Protein chains: 2
Amino acid sequence: MAVTLADVASRAGVSITTASRVLARSRAVSPAVAAAVTRAADELGYAGNSVARALRRQRTDAVGMVVPSITNPFFTALVDAVEQALQTSDRVLYLCDARDDPGVEAAHLRSLVTRGVDGIVVSPCADEQSTTAVVAAAAAVPLVQLDRHVPEPVADWVGIDDRAAMDLVVGRLAARGVTSAAFVTAARSNSSVRERQAGFDAACARHGIRTDPAWVVPCGFSIEDGIAAGRVLLDLPTLPSGVVCADDLIAIGVVHALGAAGIRVPDDVAVTGLDDLAFAPYVAPPLTTVRQPVARMAAEVLRLLDRSGAERTPGERVMLPPELVVRASA
Amino acid sequence: MAVTLADVASRAGVSITTASRVLARSRAVSPAVAAAVTRAADELGYAGNSVARALRRQRTDAVGMVVPSITNPFFTALVDAVEQALQTSDRVLYLCDARDDPGVEAAHLRSLVTRGVDGIVVSPCADEQSTTAVVAAAAAVPLVQLDRHVPEPVADWVGIDDRAAMDLVVGRLAARGVTSAAFVTAARSNSSVRERQAGFDAACARHGIRTDPAWVVPCGFSIEDGIAAGRVLLDLPTLPSGVVCADDLIAIGVVHALGAAGIRVPDDVAVTGLDDLAFAPYVAPPLTTVRQPVARMAAEVLRLLDRSGAERTPGERVMLPPELVVRASA
DNA sequence: GTGAAAGCGCTAACAC
DNA sequence: GTGTTAGCGCTTTCAC
């Protein structure tokens, strides 16, 4: 069917070995022979077979990446950054979408391992439910977690300092004169959620902002979930003057629900997000949020992935500083 | 290193063939032996090697997909839909991001072919510049174009009726009393761009809306490009009362630029988008746009991809009807 | 500088 | 129902 190295070799009148050597530049070959092989390959439209190549070499020059949800722009920003970083080393990215389902995530992780990727970067979609699969994958191939991580310290992690991020937004709220604040976060537990909750509590205490367990409203990581959460807030006996959201998608929904009910943001209630999505400046009102340094995160991920065995200290945690972006919502 | 079928077979005390048969369920095996093999595989943590499997079977159960830009939510919606459709047939998706670069796109297409995917779905990022690579890939493996397509009728295509979409938005503008309209579109030529331009012209003629070649402003497919285009519009001697944008991202930027200059949308100028991104309802003002039937598009793509050789009539074009979504911007 | 031969891990004839 | 054998297309010793 497809043209093979044997075809090229026979047309060029050399052995398969020689053809391989010139096409893979793996060893010196006489110029004349090299030219003949190259020519034969061109004429035949030889494309190579990376499956056979990978089987023989026991490596694929590919890294797998699995994200919780490809429709969440934060993760596509991450993918974009990782892909860009990868480009310099001539490797390809196998991107997988877990669709927020630990089962799908586990299947992708297993599939990447059987496909022989040289490394995996994953942002686990859950906590306990993701652990087994992540641990298994990490045992088979270099793996680094990005943004979120499972509770076990089995593999490296790169992300932002979630507590610092919370301190940034709560500090901003305090500077605006906010005296009480709600926290809207994802119901499904994951590392970001836990850290952000703890950071929120600590920051509110530090800045003298009143909180209340009843003001912690759980939801998913989507605009629709944010809208639902906004409605929950509206049903509260008293509405706090600040709302901290665990990410921008939630914040967009909360702001929308509040606005629909006639609440003015930020005058009546100030709202903050987290991620600084590309859309954050264009929603109404533009979102005050925290920027994640995606390019640096991607660079760190690759550094960790590419450490040789000797340099490997499993469970390394790289925590990068986030940056406050003040816009209109708070 | 990793555990192989031979390891499993020897531990279960059977031949490699038998082990293969029970693990791949390819042929009947006595229950006792099957149990022994399954048990051995479990104990050893056998994961399989899909590279070897693919080489031997000459198929990968994988389909490749290459999109112009993964940070454009319209394409992630498409990816999501295709992935969902694929899930039922137990195949994996190799997703590639062309980053709006025909060179990167061509490299991905070649890589997918050498990786032996069973099919490719691609939304070419350009016109002429994408053609060679798409044609070459289509020659090697079943390929269907999605949304955009190259000029040559070499491969199947699934998309919406762009002219009908333009008629929808222009009709809406006319119904609002708009009498003159600008068209903001991507500078780089591609099939969507061409069709939408033609559709815009025809629709304006039909609805009696005045147009002007000077009111056609080219830009890229991003919010920032839309902002720049909005500024160009503001510099026009006379601002038309309607602006049709080639996609939602552009529309978001145009609306933003107009608003920043004190122009009220839709009262002073009505603006329309195209795609109905998840964010469209939440920008200010919410976007009047056209929805693409992504789930149906994905289903058609798979139908086309999976036709057997006999049913293949290369160059089939499936044109689906778009749907107007009226919100506040027009 | 070049080639012969072995083999990566798996599946598919083909025997028995 | 089970095993033996022969490759899939490539890279890589090891000879020459």
# chains A, B, ... in the order shown; residues from 1 in each chain; ligands from 1
$ residues_around --residues "Thr288 (chain A)" --least-positions-apart "3" --cutoff "7 Å" --atoms "only C-alpha atoms (C1' of nucleotides)" --output "list in words"
Thr272, Gly273, Val325, Val326, Arg327, Ala328, Ser329 and Ala330 of chain A
$ interface_residues --of "chain B" --to "chain D" --cutoff "7 Å" --atoms "only C-alpha atoms (C1' of nucleotides)" --output "compact mmCIF listing (two decimals) with C-alpha atoms, in the first residue's frame"
# COMPACT_ATOMS: atom_id res chain seq x y z
CA SER B 15 1.51 -19.61 24.16
CA THR B 18 -3.42 -17.81 23.22
CA VAL B 29 -10.55 -19.87 24.26
CA SER B 30 -11.38 -22.32 27.01
CA LEU B 55 2.14 -2.07 13.06
CA ARG B 56 0.89 -5.60 12.79
$ closest_atom_pairs --of "chain C" --to "chain A" --cutoff "10 Å" --atoms "only C-alpha atoms (C1' of nucleotides)" --output "Markdown table"
| residue | atom | partner | partner_atom | distance |
| --- | --- | --- | --- | --- |
| C:DG1 | C1' | A:Val29 | CA | 6.2 |
| C:DT2 | C1' | A:Thr18 | CA | 6.9 |
| C:DG3 | C1' | A:Ser15 | CA | 6.4 |
| C:DA4 | C1' | A:Thr17 | CA | 9.3 |
| C:DG7 | C1' | A:Arg56 | CA | 8.2 |
| C:DC8 | C1' | A:Arg56 | CA | 4.4 |
| C:DG9 | C1' | A:Leu55 | CA | 7.7 |
$ write_last_selection --atoms "N, CA and C atoms (P, O5', C5', C4', C3', O3' and C1' of nucleotides)" --output "tab-separated table (two decimals), in the first residue's frame"
chain	number	residue	atom	x	y	z
C	1	DG	P	32.36	7.65	5.51
C	1	DG	O5'	31.90	6.53	4.49
C	1	DG	C5'	32.27	6.64	3.13
C	1	DG	C4'	31.72	5.43	2.43
C	1	DG	C3'	30.19	5.36	2.41
C	1	DG	O3'	29.81	4.73	1.20
C	1	DG	C1'	31.04	3.49	3.59
C	2	DT	P	28.30	4.55	0.74
C	2	DT	O5'	27.93	3.07	1.16
C	2	DT	C5'	28.41	2.00	0.36
C	2	DT	C4'	28.08	0.69	1.01
C	2	DT	C3'	26.58	0.41	1.17
C	2	DT	O3'	26.24	-0.55	0.18
C	2	DT	C1'	27.87	-0.34	3.04
C	3	DG	P	24.73	-1.12	0.03
C	3	DG	O5'	24.84	-2.39	0.98
C	3	DG	C5'	25.73	-3.43	0.60
C	3	DG	C4'	25.62	-4.58	1.58
C	3	DG	C3'	24.20	-5.11	1.78
C	3	DG	O3'	24.26	-6.52	1.77
C	3	DG	C1'	25.15	-4.56	3.87
C	4	DA	P	22.99	-7.46	1.57
C	4	DA	O5'	23.28	-8.65	2.57
C	4	DA	C5'	24.50	-8.68	3.33
C	4	DA	C4'	24.34	-9.64	4.49
C	4	DA	C3'	23.03	-10.40	4.56
C	4	DA	O3'	23.27	-11.61	5.26
C	4	DA	C1'	23.12	-8.83	6.34
C	7	DG	P	17.51	-11.97	17.63
C	7	DG	O5'	16.48	-10.78	17.79
C	7	DG	C5'	16.94	-9.50	18.21
C	7	DG	C4'	15.80	-8.52	18.11
C	7	DG	C3'	14.45	-9.11	18.54
C	7	DG	O3'	13.78	-8.14	19.30
C	7	DG	C1'	14.25	-8.14	16.44
C	8	DC	P	12.98	-8.52	20.60
C	8	DC	O5'	12.22	-7.16	20.94
C	8	DC	C5'	12.91	-5.94	21.14
C	8	DC	C4'	12.01	-4.81	20.69
C	8	DC	C3'	10.54	-5.09	20.94
C	8	DC	O3'	10.15	-4.46	22.17
C	8	DC	C1'	10.92	-4.22	18.70
C	9	DG	P	9.64	-5.38	23.38
C	9	DG	O5'	8.14	-5.67	22.97
C	9	DG	C5'	7.23	-4.58	22.83
C	9	DG	C4'	6.00	-5.05	22.09
C	9	DG	C3'	5.30	-6.24	22.74
C	9	DG	O3'	3.95	-5.86	22.95
C	9	DG	C1'	5.60	-6.61	20.42
$ residues_around --residues "Val122 (chain B)" --least-positions-apart "3" --cutoff "10 Å" --atoms "only C-alpha atoms (C1' of nucleotides)" --output "list in words"
Gly64, Met65, Val66, Val67, Pro68, Leu95, Cys96, Ala98, Glu105, Leu109, Cys125, Val134, Leu143, Val144, Gln145, Leu146, Asp147, Arg148, His149 and Trp157 of chain B
$ write_last_selection --atoms "N, CA and C atoms" --output "short mmCIF file (atom, residue, chain, number, x, y, z; two decimals), in the first residue's frame"
data_model
loop_
_atom_site.label_atom_id
_atom_site.label_comp_id
_atom_site.auth_asym_id
_atom_site.auth_seq_id
_atom_site.Cartn_x
_atom_site.Cartn_y
_atom_site.Cartn_z
N GLY B 64 -7.29 11.47 13.10
CA GLY B 64 -6.58 12.71 13.36
C GLY B 64 -7.49 13.89 13.06
N MET B 65 -7.30 14.95 13.82
CA MET B 65 -8.07 16.16 13.54
C MET B 65 -7.14 17.34 13.63
N VAL B 66 -7.16 18.20 12.62
CA VAL B 66 -6.34 19.40 12.73
C VAL B 66 -7.20 20.64 12.54
N VAL B 67 -7.11 21.51 13.53
CA VAL B 67 -7.90 22.75 13.52
C VAL B 67 -6.98 23.95 13.37
N PRO B 68 -7.50 25.04 12.82
CA PRO B 68 -6.68 26.23 12.60
C PRO B 68 -6.14 26.83 13.89
N LEU B 95 -5.50 15.10 18.17
CA LEU B 95 -5.84 16.49 17.88
C LEU B 95 -4.59 17.33 17.64
N CYS B 96 -4.60 18.08 16.56
CA CYS B 96 -3.45 18.93 16.24
C CYS B 96 -3.90 20.37 16.03
N ALA B 98 -2.99 23.85 14.27
CA ALA B 98 -2.15 24.42 13.20
C ALA B 98 -1.65 25.82 13.56
N GLU B 105 0.39 23.37 9.80
CA GLU B 105 -0.72 22.52 9.37
C GLU B 105 -0.23 21.38 8.49
N LEU B 109 -0.42 17.34 9.19
CA LEU B 109 -1.08 16.43 8.25
C LEU B 109 -0.15 15.29 7.87
N CYS B 125 -6.55 25.96 7.35
CA CYS B 125 -6.46 27.34 7.84
C CYS B 125 -6.32 28.35 6.71
N VAL B 134 -3.33 19.22 2.08
CA VAL B 134 -4.62 18.54 2.22
C VAL B 134 -4.79 17.50 1.12
N LEU B 143 -10.25 11.40 4.18
CA LEU B 143 -10.14 12.72 4.77
C LEU B 143 -11.41 13.50 4.54
N VAL B 144 -11.90 14.15 5.57
CA VAL B 144 -13.03 15.05 5.36
C VAL B 144 -12.74 16.41 5.97
N GLN B 145 -13.12 17.41 5.21
CA GLN B 145 -12.91 18.78 5.65
C GLN B 145 -14.13 19.24 6.43
N LEU B 146 -13.88 20.03 7.44
CA LEU B 146 -14.95 20.49 8.31
C LEU B 146 -14.90 22.00 8.41
N ASP B 147 -16.05 22.64 8.23
CA ASP B 147 -16.16 24.09 8.30
C ASP B 147 -15.49 24.74 7.08
N ARG B 148 -14.19 24.82 7.10
CA ARG B 148 -13.53 25.40 5.93
C ARG B 148 -13.08 24.29 4.99
N HIS B 149 -12.80 24.65 3.76
CA HIS B 149 -12.29 23.66 2.81
C HIS B 149 -11.41 24.33 1.79
N TRP B 157 -16.56 17.44 2.33
CA TRP B 157 -16.65 18.62 3.17
C TRP B 157 -17.98 18.64 3.91
#
$ atom_distance --atom1 "CA of Thr60 (chain B)" --atom2 "CA of Val117 (chain B)"
5.8 Å
$ closest_atom_pairs --of "chain A" --to "chain B" --cutoff "7 Å" --atoms "only C-alpha atoms" --output "Markdown table"
| residue | atom | partner | partner_atom | distance |
| --- | --- | --- | --- | --- |
| A:Ala47 | CA | B:Thr114 | CA | 6.2 |
| A:Gly48 | CA | B:Thr114 | CA | 5.8 |
| A:Asn49 | CA | B:Thr114 | CA | 4.8 |
| A:Ser50 | CA | B:Arg115 | CA | 5.3 |
| A:Val51 | CA | B:Arg115 | CA | 5.8 |
| A:Ala52 | CA | B:Leu55 | CA | 6.0 |
| A:Leu55 | CA | B:Val51 | CA | 6.0 |
| A:Ile70 | CA | B:Thr76 | CA | 6.3 |
| A:Thr71 | CA | B:Thr76 | CA | 5.7 |
| A:Pro73 | CA | B:Thr71 | CA | 6.8 |
| A:Thr76 | CA | B:Thr71 | CA | 5.7 |
| A:Ala77 | CA | B:Thr71 | CA | 6.4 |
| A:Tyr94 | CA | B:Tyr94 | CA | 6.0 |
| A:Leu95 | CA | B:Leu95 | CA | 5.7 |
| A:Thr114 | CA | B:Asn49 | CA | 4.8 |
| A:Arg115 | CA | B:Ser50 | CA | 5.2 |
| A:Tyr282 | CA | B:Val283 | CA | 5.8 |
| A:Val283 | CA | B:Val283 | CA | 4.2 |
| A:Ala284 | CA | B:Ala284 | CA | 5.3 |
$ select_by_dssp --residues "region 181-301 of chain A" --states "helix (DSSP H, G or I)" --output "ChimeraX atom specification"
/A:191-207,213-215,223-234,248-260,280-282,294-301
$ write_last_selection --atoms "C-alpha atoms" --output "PDB file, in the first residue's frame"
ATOM      1  CA  SER A 191      -6.393  20.491  44.424  1.00  0.00           C
ATOM      2  CA  SER A 192      -7.110  23.961  43.069  1.00  0.00           C
ATOM      3  CA  VAL A 193     -10.445  24.007  44.785  1.00  0.00           C
ATOM      4  CA  ARG A 194      -8.996  22.991  48.121  1.00  0.00           C
ATOM      5  CA  GLU A 195      -6.125  25.433  47.990  1.00  0.00           C
ATOM      6  CA  ARG A 196      -8.293  28.281  46.865  1.00  0.00           C
ATOM      7  CA  GLN A 197     -10.804  27.649  49.624  1.00  0.00           C
ATOM      8  CA  ALA A 198      -8.079  27.640  52.243  1.00  0.00           C
ATOM      9  CA  GLY A 199      -6.501  30.714  50.696  1.00  0.00           C
ATOM     10  CA  PHE A 200      -9.828  32.515  50.652  1.00  0.00           C
ATOM     11  CA  ASP A 201     -10.430  31.831  54.327  1.00  0.00           C
ATOM     12  CA  ALA A 202      -6.963  32.931  55.328  1.00  0.00           C
ATOM     13  CA  ALA A 203      -7.045  36.063  53.194  1.00  0.00           C
ATOM     14  CA  CYS A 204     -10.436  37.154  54.503  1.00  0.00           C
ATOM     15  CA  ALA A 205      -9.224  36.722  58.050  1.00  0.00           C
ATOM     16  CA  ARG A 206      -6.124  38.756  57.289  1.00  0.00           C
ATOM     17  CA  HIS A 207      -8.012  41.567  55.559  1.00  0.00           C
ATOM     18  CA  PRO A 213     -20.034  28.975  55.822  1.00  0.00           C
ATOM     19  CA  ALA A 214     -23.444  29.646  54.283  1.00  0.00           C
ATOM     20  CA  TRP A 215     -21.737  31.943  51.785  1.00  0.00           C
ATOM     21  CA  ILE A 223     -20.699  29.741  32.981  1.00  0.00           C
ATOM     22  CA  GLU A 224     -24.004  27.970  33.520  1.00  0.00           C
ATOM     23  CA  ASP A 225     -22.846  26.766  36.905  1.00  0.00           C
ATOM     24  CA  GLY A 226     -21.870  30.321  37.733  1.00  0.00           C
ATOM     25  CA  ILE A 227     -25.338  31.522  36.842  1.00  0.00           C
ATOM     26  CA  ALA A 228     -26.895  28.914  39.091  1.00  0.00           C
ATOM     27  CA  ALA A 229     -24.542  29.917  41.880  1.00  0.00           C
ATOM     28  CA  GLY A 230     -25.470  33.557  41.364  1.00  0.00           C
ATOM     29  CA  ARG A 231     -29.106  32.643  41.882  1.00  0.00           C
ATOM     30  CA  VAL A 232     -28.225  30.846  45.082  1.00  0.00           C
ATOM     31  CA  LEU A 233     -26.475  33.982  46.285  1.00  0.00           C
ATOM     32  CA  LEU A 234     -29.527  36.064  45.445  1.00  0.00           C
ATOM     33  CA  ASP A 248     -13.384  33.255  35.405  1.00  0.00           C
ATOM     34  CA  LEU A 249     -16.080  31.067  33.889  1.00  0.00           C
ATOM     35  CA  ILE A 250     -17.899  30.964  37.218  1.00  0.00           C
ATOM     36  CA  ALA A 251     -17.399  34.702  37.650  1.00  0.00           C
ATOM     37  CA  ILE A 252     -18.929  35.429  34.258  1.00  0.00           C
ATOM     38  CA  GLY A 253     -21.994  33.447  35.256  1.00  0.00           C
ATOM     39  CA  VAL A 254     -22.271  35.040  38.684  1.00  0.00           C
ATOM     40  CA  VAL A 255     -21.983  38.548  37.267  1.00  0.00           C
ATOM     41  CA  HIS A 256     -24.626  37.692  34.699  1.00  0.00           C
ATOM     42  CA  ALA A 257     -27.083  36.339  37.252  1.00  0.00           C
ATOM     43  CA  LEU A 258     -26.529  39.291  39.539  1.00  0.00           C
ATOM     44  CA  GLY A 259     -26.997  41.753  36.717  1.00  0.00           C
ATOM     45  CA  ALA A 260     -30.183  40.044  35.583  1.00  0.00           C
ATOM     46  CA  ALA A 280     -12.388  38.446  30.627  1.00  0.00           C
ATOM     47  CA  PRO A 281     -11.924  42.007  29.333  1.00  0.00           C
ATOM     48  CA  TYR A 282     -15.024  41.835  27.167  1.00  0.00           C
ATOM     49  CA  VAL A 294       0.918  30.098  31.258  1.00  0.00           C
ATOM     50  CA  ALA A 295       4.083  30.462  29.211  1.00  0.00           C
ATOM     51  CA  ARG A 296       6.295  30.067  32.265  1.00  0.00           C
ATOM     52  CA  MET A 297       4.183  27.185  33.441  1.00  0.00           C
ATOM     53  CA  ALA A 298       4.683  25.419  30.126  1.00  0.00           C
ATOM     54  CA  ALA A 299       8.419  26.010  30.255  1.00  0.00           C
ATOM     55  CA  GLU A 300       8.623  24.521  33.740  1.00  0.00           C
ATOM     56  CA  VAL A 301       6.581  21.527  32.660  1.00  0.00           C
TER      57      VAL A 301
END
$ atom_distance --atom1 "CA of Asp276 (chain A)" --atom2 "CA of Asp247 (chain A)"
8.6 Å
$ atom_distance --atom1 "CA of Leu304 (chain A)" --atom2 "CA of Asp156 (chain A)"
7.4 Å
$ select_by_dssp --residues "region 86-293 of chain B" --states "strand (DSSP E or B)" --output "ChimeraX atom specification"
/B:92-97,119-122,143-146,156-160,180-186,210,216-219,242-245,270-272,275,283,288-291
$ decode --residues "chain C" --atoms "N, CA and C atoms (P, O5', C5', C4', C3', O3' and C1' of nucleotides)" --output "short mmCIF file (atom, residue, chain, number, x, y, z; two decimals), in the first residue's frame"
data_model
loop_
_atom_site.label_atom_id
_atom_site.label_comp_id
_atom_site.auth_asym_id
_atom_site.auth_seq_id
_atom_site.Cartn_x
_atom_site.Cartn_y
_atom_site.Cartn_z
P DG C 1 32.36 7.65 5.51
"O5'" DG C 1 31.90 6.53 4.49
"C5'" DG C 1 32.27 6.64 3.13
"C4'" DG C 1 31.72 5.43 2.43
"C3'" DG C 1 30.19 5.36 2.41
"O3'" DG C 1 29.81 4.73 1.20
"C1'" DG C 1 31.04 3.49 3.59
P DT C 2 28.30 4.55 0.74
"O5'" DT C 2 27.93 3.07 1.16
"C5'" DT C 2 28.41 2.00 0.36
"C4'" DT C 2 28.08 0.69 1.01
"C3'" DT C 2 26.58 0.41 1.17
"O3'" DT C 2 26.24 -0.55 0.18
"C1'" DT C 2 27.87 -0.34 3.04
P DG C 3 24.73 -1.12 0.03
"O5'" DG C 3 24.84 -2.39 0.98
"C5'" DG C 3 25.73 -3.43 0.60
"C4'" DG C 3 25.62 -4.58 1.58
"C3'" DG C 3 24.20 -5.11 1.78
"O3'" DG C 3 24.26 -6.52 1.77
"C1'" DG C 3 25.15 -4.56 3.87
P DA C 4 22.99 -7.46 1.57
"O5'" DA C 4 23.28 -8.65 2.57
"C5'" DA C 4 24.50 -8.68 3.33
"C4'" DA C 4 24.34 -9.64 4.49
"C3'" DA C 4 23.03 -10.40 4.56
"O3'" DA C 4 23.27 -11.61 5.26
"C1'" DA C 4 23.12 -8.83 6.34
P DA C 5 22.09 -12.64 5.64
"O5'" DA C 5 21.75 -12.16 7.13
"C5'" DA C 5 22.81 -11.98 8.05
"C4'" DA C 5 22.24 -11.72 9.44
"C3'" DA C 5 20.93 -12.45 9.72
"O3'" DA C 5 20.94 -12.82 11.09
"C1'" DA C 5 20.58 -10.14 9.95
P DA C 6 19.78 -13.77 11.69
"O5'" DA C 6 19.45 -13.01 13.05
"C5'" DA C 6 20.49 -12.27 13.71
"C4'" DA C 6 19.86 -11.24 14.62
"C3'" DA C 6 18.56 -11.72 15.27
"O3'" DA C 6 18.57 -11.30 16.62
"C1'" DA C 6 18.16 -9.71 14.12
P DG C 7 17.51 -11.97 17.63
"O5'" DG C 7 16.48 -10.78 17.79
"C5'" DG C 7 16.94 -9.50 18.21
"C4'" DG C 7 15.80 -8.52 18.11
"C3'" DG C 7 14.45 -9.11 18.54
"O3'" DG C 7 13.78 -8.14 19.30
"C1'" DG C 7 14.25 -8.14 16.44
P DC C 8 12.98 -8.52 20.60
"O5'" DC C 8 12.22 -7.16 20.94
"C5'" DC C 8 12.91 -5.94 21.14
"C4'" DC C 8 12.01 -4.81 20.69
"C3'" DC C 8 10.54 -5.09 20.94
"O3'" DC C 8 10.15 -4.46 22.17
"C1'" DC C 8 10.92 -4.22 18.70
P DG C 9 9.64 -5.38 23.38
"O5'" DG C 9 8.14 -5.67 22.97
"C5'" DG C 9 7.23 -4.58 22.83
"C4'" DG C 9 6.00 -5.05 22.09
"C3'" DG C 9 5.30 -6.24 22.74
"O3'" DG C 9 3.95 -5.86 22.95
"C1'" DG C 9 5.60 -6.61 20.42
P DC C 10 2.84 -6.83 23.47
"O5'" DC C 10 2.08 -7.23 22.14
"C5'" DC C 10 1.34 -6.23 21.46
"C4'" DC C 10 1.14 -6.63 20.03
"C3'" DC C 10 0.12 -7.74 19.81
"O3'" DC C 10 -1.15 -7.12 19.57
"C1'" DC C 10 2.04 -7.96 18.40
P DT C 11 -2.47 -8.05 19.54
"O5'" DT C 11 -2.42 -8.64 18.06
"C5'" DT C 11 -2.67 -7.75 16.99
"C4'" DT C 11 -2.59 -8.51 15.69
"C3'" DT C 11 -3.71 -9.51 15.45
"O3'" DT C 11 -4.02 -9.39 14.07
"C1'" DT C 11 -1.64 -10.59 15.23
P DA C 12 -5.36 -9.90 13.45
"O5'" DA C 12 -4.83 -10.96 12.40
"C5'" DA C 12 -3.93 -10.53 11.38
"C4'" DA C 12 -3.48 -11.74 10.62
"C3'" DA C 12 -4.61 -12.72 10.29
"O3'" DA C 12 -4.30 -13.30 9.03
"C1'" DA C 12 -3.02 -13.80 11.64
P DA C 13 -5.51 -13.61 7.99
"O5'" DA C 13 -6.00 -15.10 8.13
"C5'" DA C 13 -5.20 -16.14 8.43
"C4'" DA C 13 -4.07 -16.41 7.45
"C3'" DA C 13 -4.15 -17.80 6.88
"O3'" DA C 13 -3.43 -17.96 5.66
"C1'" DA C 13 -2.58 -17.67 8.69
P DC C 14 -3.64 -19.24 4.73
"O5'" DC C 14 -3.03 -20.44 5.59
"C5'" DC C 14 -1.63 -20.46 5.87
"C4'" DC C 14 -1.35 -21.50 6.92
"C3'" DC C 14 -2.08 -22.83 6.71
"O3'" DC C 14 -1.13 -23.79 6.30
"C1'" DC C 14 -2.00 -22.19 9.02
P DA C 15 -1.58 -25.33 5.96
"O5'" DA C 15 -1.82 -25.87 7.43
"C5'" DA C 15 -1.33 -27.13 7.73
"C4'" DA C 15 -0.54 -27.09 9.03
"C3'" DA C 15 -0.78 -28.39 9.82
"O3'" DA C 15 0.46 -28.96 10.17
"C1'" DA C 15 -1.37 -26.46 11.14
P DC C 16 0.46 -30.58 10.22
"O5'" DC C 16 -0.29 -30.89 11.58
"C5'" DC C 16 0.40 -30.70 12.82
"C4'" DC C 16 -0.60 -30.63 13.93
"C3'" DC C 16 -1.40 -31.91 14.15
"O3'" DC C 16 -0.92 -32.54 15.33
"C1'" DC C 16 -2.69 -29.93 14.51
#
